[in-house]
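Peer 1: Contents of input37.cif (mmCIF, C-alpha atoms):
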```cif
data_query
loop_
_atom_site.label_atom_id
_atom_site.label_comp_id
_atom_site.auth_asym_id
_atom_site.auth_seq_id
_atom_site.Cartn_x
_atom_site.Cartn_y
_atom_site.Cartn_z
CA MET A 267 63.89 30.40 31.46
CA ASN A 268 61.83 27.23 31.84
CA GLN A 269 59.25 29.20 33.77
CA ASN A 270 58.97 31.74 30.90
CA TYR A 271 58.71 28.95 28.35
CA SER A 272 55.99 27.31 30.40
CA ALA A 273 54.07 30.59 30.67
CA VAL A 274 54.22 31.06 26.89
CA ALA A 275 53.13 27.47 26.34
CA GLN A 276 50.20 27.94 28.70
CA ARG A 277 49.08 31.15 27.00
CA SER A 278 49.38 29.77 23.50
CA PRO A 279 46.12 27.79 23.22
CA SER A 280 44.07 30.78 24.36
CA ALA A 281 46.00 33.14 22.05
CA LEU A 282 45.48 30.71 19.17
CA ALA A 283 41.76 30.45 19.92
CA THR A 284 41.47 34.26 20.04
CA SER A 285 43.26 34.69 16.72
CA LYS A 286 41.04 31.98 15.20
CA VAL A 287 37.90 33.84 16.36
CA LEU A 288 39.29 37.08 14.94
CA ARG A 289 40.23 35.49 11.59
CA ASN A 290 36.84 33.74 11.26
CA THR A 291 35.02 36.95 12.21
CA TYR A 292 36.80 39.02 9.56
CA LEU A 293 36.31 36.29 6.93
CA LEU A 294 32.57 35.99 7.65
CA LEU A 295 32.26 39.78 7.87
CA SER A 296 33.83 40.25 4.41
CA LEU A 297 31.57 37.59 2.90
CA THR A 298 28.43 39.07 4.47
CA LEU A 299 29.37 42.57 3.32
CA LEU A 300 29.81 41.29 -0.24
CA PHE A 301 26.51 39.42 0.01
CA SER A 302 24.60 42.46 1.29
CA GLY A 303 26.16 44.53 -1.52
CA PHE A 304 24.83 41.92 -3.95
CA THR A 305 21.30 41.99 -2.44
CA ALA A 306 21.37 45.81 -2.47
CA VAL A 307 22.13 45.76 -6.22
CA ILE A 308 19.27 43.28 -6.79
CA SER A 309 16.91 45.50 -4.79
CA MET A 310 17.98 48.57 -6.84
CA ALA A 311 17.49 46.66 -10.10
CA MET A 312 14.01 45.59 -8.94
CA ASN A 313 13.14 49.21 -8.11
CA MET A 314 11.82 48.31 -4.68
CA PRO A 315 9.62 50.91 -2.90
CA PRO A 316 11.04 52.90 0.10
CA MET A 317 8.99 50.90 2.62
CA THR A 318 11.26 47.91 1.79
CA TYR A 319 13.92 49.50 4.00
CA LEU A 320 11.68 49.63 7.07
CA ILE A 321 10.31 46.11 6.59
CA SER A 322 13.79 44.63 5.94
CA VAL A 323 15.41 46.38 8.91
CA ILE A 324 12.63 45.35 11.33
CA GLY A 325 12.63 41.76 10.02
CA ALA A 326 16.43 41.52 10.18
CA MET A 327 16.54 42.97 13.73
CA VAL A 328 13.88 40.53 14.97
CA ILE A 329 15.80 37.57 13.49
CA ALA A 330 19.14 38.89 14.84
CA MET A 331 17.76 39.44 18.35
CA PHE A 332 15.50 36.41 18.83
CA VAL A 333 16.55 33.68 16.37
CA LEU A 334 20.31 34.07 15.86
CA PRO A 335 21.37 33.64 19.55
CA ARG A 336 19.67 30.19 19.60
CA PHE A 337 21.65 28.97 16.58
CA ALA A 338 24.89 30.88 17.16
CA ASN A 339 26.81 27.74 18.13
CA SER A 340 25.70 25.66 15.14
CA THR A 341 26.38 25.90 11.41
CA ALA A 342 22.80 27.14 10.95
CA GLY A 343 24.01 30.34 12.63
CA ILE A 344 26.13 31.15 9.56
CA GLY A 345 23.07 30.79 7.32
CA ILE A 346 21.07 33.07 9.62
CA VAL A 347 23.86 35.69 9.52
CA PHE A 348 23.65 35.65 5.71
CA LEU A 349 19.85 35.91 5.91
CA VAL A 350 20.04 38.94 8.25
CA THR A 351 22.77 40.73 6.28
CA GLY A 352 21.09 39.89 2.97
CA MET A 353 17.83 41.40 4.24
CA LEU A 354 19.63 44.54 5.44
CA GLY A 355 21.36 44.86 2.08
CA PHE A 356 18.06 44.39 0.25
CA GLY A 357 16.49 47.11 2.40
CA LEU A 358 19.37 49.43 1.53
CA GLY A 359 18.51 49.22 -2.19
CA PRO A 360 15.72 51.87 -2.26
CA ILE A 361 17.81 54.24 -0.09
CA LEU A 362 20.75 53.93 -2.48
CA SER A 363 18.43 54.46 -5.47
CA MET A 364 17.12 57.64 -3.80
CA TYR A 365 20.66 59.00 -3.24
CA ALA A 366 21.80 57.91 -6.72
CA ALA A 367 19.02 60.10 -8.17
CA LEU A 368 20.56 63.24 -6.55
CA PRO A 369 22.82 65.45 -8.74
CA ASN A 370 26.00 64.33 -6.90
CA GLY A 371 24.43 61.13 -5.53
CA GLY A 372 27.12 58.81 -6.91
CA ASN A 373 29.78 60.88 -5.18
CA ILE A 374 27.85 60.83 -1.86
CA ILE A 375 27.42 57.04 -2.00
CA MET A 376 31.08 56.39 -2.85
CA LEU A 377 32.33 58.78 -0.15
CA SER A 378 30.04 57.15 2.44
CA LEU A 379 31.22 53.70 1.41
CA GLY A 380 34.90 54.69 1.45
CA GLY A 381 34.47 56.69 4.67
CA THR A 382 32.84 53.72 6.43
CA GLY A 383 35.68 51.46 5.28
CA VAL A 384 38.35 53.91 6.51
CA ILE A 385 36.62 54.34 9.91
CA PHE A 386 36.19 50.59 10.41
CA MET A 387 39.70 49.64 9.32
CA GLY A 388 41.30 52.54 11.20
CA LEU A 389 39.57 51.71 14.48
CA SER A 390 40.18 47.97 14.11
CA ALA A 391 43.88 48.59 13.39
CA TYR A 392 44.03 50.92 16.42
CA VAL A 393 42.70 48.22 18.77
CA LEU A 394 44.81 45.45 17.22
CA ALA A 395 47.98 47.57 17.39
CA THR A 396 47.50 48.92 20.94
CA ARG A 397 45.74 45.77 22.28
CA LYS A 398 43.97 48.07 24.71
CA ASP A 399 41.03 46.76 26.73
CA PHE A 400 37.94 48.85 25.95
CA SER A 401 35.57 46.85 28.19
CA PHE A 402 35.04 50.00 30.31
CA LEU A 403 33.04 51.48 27.39
CA GLY A 404 30.21 48.90 27.59
CA GLY A 405 27.76 50.71 29.87
CA PHE A 406 28.49 54.14 28.40
CA LEU A 407 27.89 52.94 24.81
CA MET A 408 24.71 51.05 25.69
CA VAL A 409 23.17 54.01 27.54
CA GLY A 410 24.27 56.37 24.75
CA PHE A 411 22.66 54.08 22.18
CA LEU A 412 19.40 53.96 24.16
CA LEU A 413 19.34 57.77 24.39
CA VAL A 414 19.90 58.01 20.62
CA LEU A 415 17.00 55.60 20.02
CA ILE A 416 14.75 57.74 22.26
CA ALA A 417 15.84 60.88 20.35
CA ALA A 418 15.16 59.09 17.03
CA LEU A 419 11.72 58.09 18.31
CA ALA A 420 10.94 61.70 19.23
CA ASN A 421 12.21 62.92 15.86
CA ILE A 422 9.81 60.63 13.97
CA PHE A 423 7.04 62.95 15.20
CA LEU A 424 9.03 66.22 15.46
CA ALA A 425 10.76 65.81 12.05
CA ILE A 426 13.48 68.41 12.77
CA PRO A 427 16.26 68.14 10.10
CA ALA A 428 18.97 69.53 12.47
CA MET A 429 18.05 66.91 15.06
CA SER A 430 18.22 64.22 12.40
CA LEU A 431 21.73 65.41 11.49
CA MET A 432 22.76 65.43 15.16
CA ILE A 433 21.39 61.90 15.68
CA SER A 434 23.39 60.64 12.67
CA ALA A 435 26.57 62.24 14.01
CA VAL A 436 26.07 60.73 17.48
CA VAL A 437 25.27 57.31 15.95
CA ILE A 438 28.66 57.38 14.14
CA MET A 439 30.45 58.20 17.42
CA ILE A 440 28.62 55.44 19.32
CA MET A 441 29.11 52.86 16.57
CA SER A 442 32.81 53.78 16.45
CA GLY A 443 32.91 53.09 20.19
CA PHE A 444 31.23 49.74 19.58
CA ILE A 445 33.92 48.83 17.01
CA LEU A 446 36.59 49.51 19.66
CA TYR A 447 34.58 47.62 22.31
CA ASP A 448 33.71 44.58 20.14
CA THR A 449 37.20 44.20 18.64
CA SER A 450 38.77 44.53 22.09
CA ARG A 451 36.38 41.85 23.43
CA ILE A 452 37.44 39.47 20.63
CA ILE A 453 41.18 39.93 21.20
CA HIS A 454 40.85 39.65 24.98
CA GLY A 455 38.74 36.49 24.81
CA GLY A 456 35.45 38.12 25.90
CA GLU A 457 33.73 37.03 22.69
CA THR A 458 34.46 33.48 21.57
CA ASN A 459 31.61 33.05 19.08
CA TYR A 460 32.55 34.42 15.66
CA VAL A 461 28.93 34.36 14.43
CA LEU A 462 27.82 36.79 17.16
CA ALA A 463 31.04 38.82 16.75
CA THR A 464 30.35 39.14 13.01
CA ILE A 465 26.75 40.31 13.40
CA GLY A 466 27.84 42.88 16.02
CA LEU A 467 30.53 44.35 13.76
CA TYR A 468 28.26 44.19 10.69
CA MET A 469 25.60 46.23 12.53
CA THR A 470 28.16 48.91 13.43
CA ILE A 471 29.33 49.13 9.80
CA PHE A 472 25.74 49.26 8.53
CA ASN A 473 24.79 52.04 10.97
CA ILE A 474 27.92 54.08 10.20
CA PHE A 475 27.25 53.79 6.45
CA ILE A 476 23.59 54.86 6.78
CA SER A 477 24.46 57.77 9.09
CA LEU A 478 27.33 58.94 6.89
CA LEU A 479 25.05 58.75 3.85
CA GLN A 480 22.53 60.95 5.66
CA ILE A 481 25.12 63.50 6.85
CA LEU A 482 26.79 63.79 3.44
CA GLY A 483 23.36 63.86 1.74
CA ILE A 484 22.19 66.78 3.91
CA MET A 485 25.49 68.71 3.97
CA GLY A 486 26.34 68.13 0.33
CA GLY A 487 22.84 68.24 -1.13
CA ASP A 488 21.99 70.94 -3.64
CA ASP A 489 18.25 70.66 -2.98
CA MET B 299 0.42 60.77 9.97
CA ASP B 300 1.14 57.82 7.72
CA TRP B 301 1.37 54.21 8.83
CA MET B 302 5.11 54.06 8.14
CA LYS B 303 5.78 56.58 10.94
CA ILE B 304 3.63 54.61 13.37
CA PHE B 305 5.28 51.35 12.31
CA SER B 306 8.79 52.88 12.76
CA ALA B 307 7.85 54.28 16.17
CA LEU B 308 6.48 50.91 17.33
CA ALA B 309 9.65 49.16 16.15
CA LEU B 310 11.83 51.68 18.01
CA VAL B 311 9.76 51.32 21.21
CA MET B 312 10.10 47.52 20.96
CA PHE B 313 13.86 47.85 20.46
CA ILE B 314 14.21 50.26 23.43
CA VAL B 315 12.18 47.93 25.69
CA PHE B 316 14.35 44.99 24.59
CA LEU B 317 17.63 46.83 25.15
CA PHE B 318 16.76 48.54 28.46
CA PRO B 319 17.48 45.58 30.82
CA ARG B 320 20.71 44.85 28.94
CA ALA B 321 21.82 48.47 29.27
CA ARG B 322 21.04 48.41 33.01
CA ASP B 323 23.08 45.20 33.48
CA MET B 324 25.97 46.60 31.47
CA MET B 325 25.96 49.79 33.55
CA LYS B 326 26.22 47.71 36.73
CA ASN B 327 28.87 45.27 35.49
CA THR B 328 31.11 47.50 33.37
CA PRO B 329 34.57 48.08 34.90
CA LYS B 330 35.50 51.70 35.57
CA GLY B 331 37.97 53.25 33.12
CA SER B 332 40.89 55.43 34.18
CA SER B 333 41.45 58.87 32.66
CA SER B 334 44.10 57.40 30.32
CA ASP B 335 41.56 54.75 29.23
CA TRP B 336 39.06 57.48 28.37
CA MET B 337 41.73 59.44 26.51
CA SER B 338 42.46 56.36 24.38
CA PHE B 339 38.76 56.43 23.41
CA VAL B 340 38.47 60.20 22.91
CA ILE B 341 41.52 60.52 20.60
CA PRO B 342 40.23 58.19 17.81
CA ILE B 343 36.75 59.75 18.15
CA ILE B 344 38.24 63.23 17.56
CA ALA B 345 40.10 61.79 14.55
CA ILE B 346 36.77 60.47 13.20
CA VAL B 347 35.07 63.85 13.67
CA LEU B 348 37.88 65.52 11.70
CA PHE B 349 37.66 62.81 9.03
CA ILE B 350 33.89 63.34 8.64
CA MET B 351 34.47 67.09 8.32
CA LEU B 352 36.96 66.31 5.54
CA LEU B 353 34.38 64.07 3.81
CA ILE B 354 31.81 66.90 4.02
CA GLN B 355 34.33 69.21 2.30
CA LEU B 356 34.81 66.62 -0.46
CA VAL B 357 31.09 66.30 -1.32
#
```
Do you think you could lay out the structure here as structure tokens?
Peer 2:
Amino acid sequence: MNQNYSAVAQRSPSALATSKVLRNTYLLLSLTLLFSGFTAVISMAMNMPPMTYLISVIGAMVIAMFVLPRFANSTAGIGIVFLVTGMLGFGLGPILSMYAALPNGGNIIMLSLGGTGVIFMGLSAYVLATRKDFSFLGGFLMVGFLLVLIAALANIFLAIPAMSLMISAVVIMIMSGFILYDTSRIIHGGETNYVLATIGLYMTIFNIFISLLQILGIMGGDD
Amino acid sequence: MDWMKIFSALALVMFIVFLFPRARDMMKNTPKGSSSDWMSFVIPIIAIVLFIMLLIQLV
């Protein structure tokens, strides 16, 4: 009995730290999603040109890859997360304006938004309920992501619509895997920095939304 | 070919070059999953595929 009590007492600080990382990650993730929604609306209202998307995504990726890791353990890291997600949201504005101009564009945008929410919440709930360790997915997901990037690079020059559709579908599968992998890392103590955890999950949500928008736009488009 | 395509391609090449060593490390250090582990990944992915097919029907 005492031994069991002692084991629980020893596990508690780590379990508490894990739940704190998870709570902070979800709080920061919700705030950044709201903020990027706000910057997307501003970008739509300003009627930004399509190239805004490319410039914002490249700028945000450079900051996320080279600047954020240096400040991830300080409060400045939170500001940088808002900068990155704000830029991505701003870049999304012209894409949303383009879809909104389609005959059923509003429907496509709302379905993509709702679909992304259902996928994210469903997968997160699955990991939190089963508490399964998905660390075995790491290498598979990373290689799969690299292959998708190479296919996307080829399709810039080939411009095959079917390939574009296939890439979007595979991106959703890989990003879904990353949600399982990242959430599992948080609950098993593999990720202790909520700033880095937030940016990882935000990127998966962003990619799923963009890919879903593209799939529904192509499959449901009247043009 | 317009400059946006070239710019996108350069950004993707940069991203691939940046990710390649990380992918190689992850391949080496990732623990092997059992068949039941892989099934626990495949089942939600199948559910997502079905869900996307439902969304396509709703558009």
Peer 1: What separation in Å, quoted to one decimal, exists between CA of Ile343 in chain B and CA of Leu415 in chain A?
Peer 2: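 Spanning CA of Ile343 in chain B to CA of Leu415 in chain A is a straight-line distance of 20.3 Å.
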Peer 1: So, with only C-alpha atoms as the atoms that count, which of A:Leu403, A:Ala425, A:Met331, A:Ala281 lies closest to Gly331 in chain B?
Peer 2: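 Among the listed residues, the smallest separation from Gly331 in chain B belongs to A:Leu403.
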Peer 1: Evaluate the PyMOL selection byres ((chain A) within 9 of (chain B)) on the structure here and hand back the selected residues as a ChimeraX atom specification.
Peer 2: /A:317,320,324,327,370,373-374,377-378,381,385,388-389,392,398-409,412,415-416,418-420,422-423,435,438-439,442-443,446,478,481-483,485-487
Peer 1: Which distance in Å separates CA of Ser390 in chain A and CA of Phe444 in chain A, to one decimal?
Peer 2: 10.6 Å
Peer 1: List the neighbours of Ile471 in chain A out to 9 Å using all atoms listed in the file; skip same-chain residues closer than 5 positions along the sequence, and give me the result as number ranges by chain.
Peer 2: A: 382-383, 385-386, 441-442, 445, 466, 476
Peer 1: Next, write the just-selected residues to a file, as a compact mmCIF listing (two decimals), keeping the file's coordinate frame, keeping C-alpha atoms as the atom set.
Peer 2:
```txt
# COMPACT_ATOMS: atom_id res chain seq x y z
CA THR A 382 32.84 53.72 6.43
CA GLY A 383 35.68 51.46 5.28
CA ILE A 385 36.62 54.34 9.91
CA PHE A 386 36.19 50.59 10.41
CA MET A 441 29.11 52.86 16.57
CA SER A 442 32.81 53.78 16.45
CA ILE A 445 33.92 48.83 17.01
CA GLY A 466 27.84 42.88 16.02
CA ILE A 476 23.59 54.86 6.78
```
Peer 1: Identify, on the basis of all atoms listed in the file, every residue whose closest approach to Ser309 in chain A does not exceed 12 Å; exclude the query and any residue fewer than 3 positions from it along the same chain; express the result as a PyMOL selection string.
Peer 2: chain A and resi 302-306+312-316+318-319+322+352-363
Peer 1: Which residue is closest to Leu394 in chain A? Choose from A:Ile452, A:Met364, A:Ala338, A:Val307 and count all atoms listed in the file.
Peer 2: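 Smallest distance to Leu394 in chain A is found for A:Ile452.
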Peer 1: Report, in Å to a single decimal, how far apart CA of Thr464 in chain A and CA of Asn290 in chain A are.
Peer 2: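 These two atoms are separated by 8.6 Å.
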Peer 1: Could you tell me which residues the PyMOL selection byres ((chain A and resi 453) around 8) grabs in this file, written as a list in words?
Peer 2: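 That selection, the PyMOL selection byres ((chain A and resi 453) around 8), comes back as Thr284, Ser285, Leu288, Leu394, Arg397, Thr449, Ser450, Arg451, Ile452, His454, Gly455 and Gly456 of chain A.
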Peer 1: Which is closer to Met429 in chain A than all the others in A:Thr341, A:Gln480, A:Thr298, A:Thr291, using all atoms listed in the file?
Peer 2: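 Selected residue with least distance to Met429 in chain A: A:Gln480.
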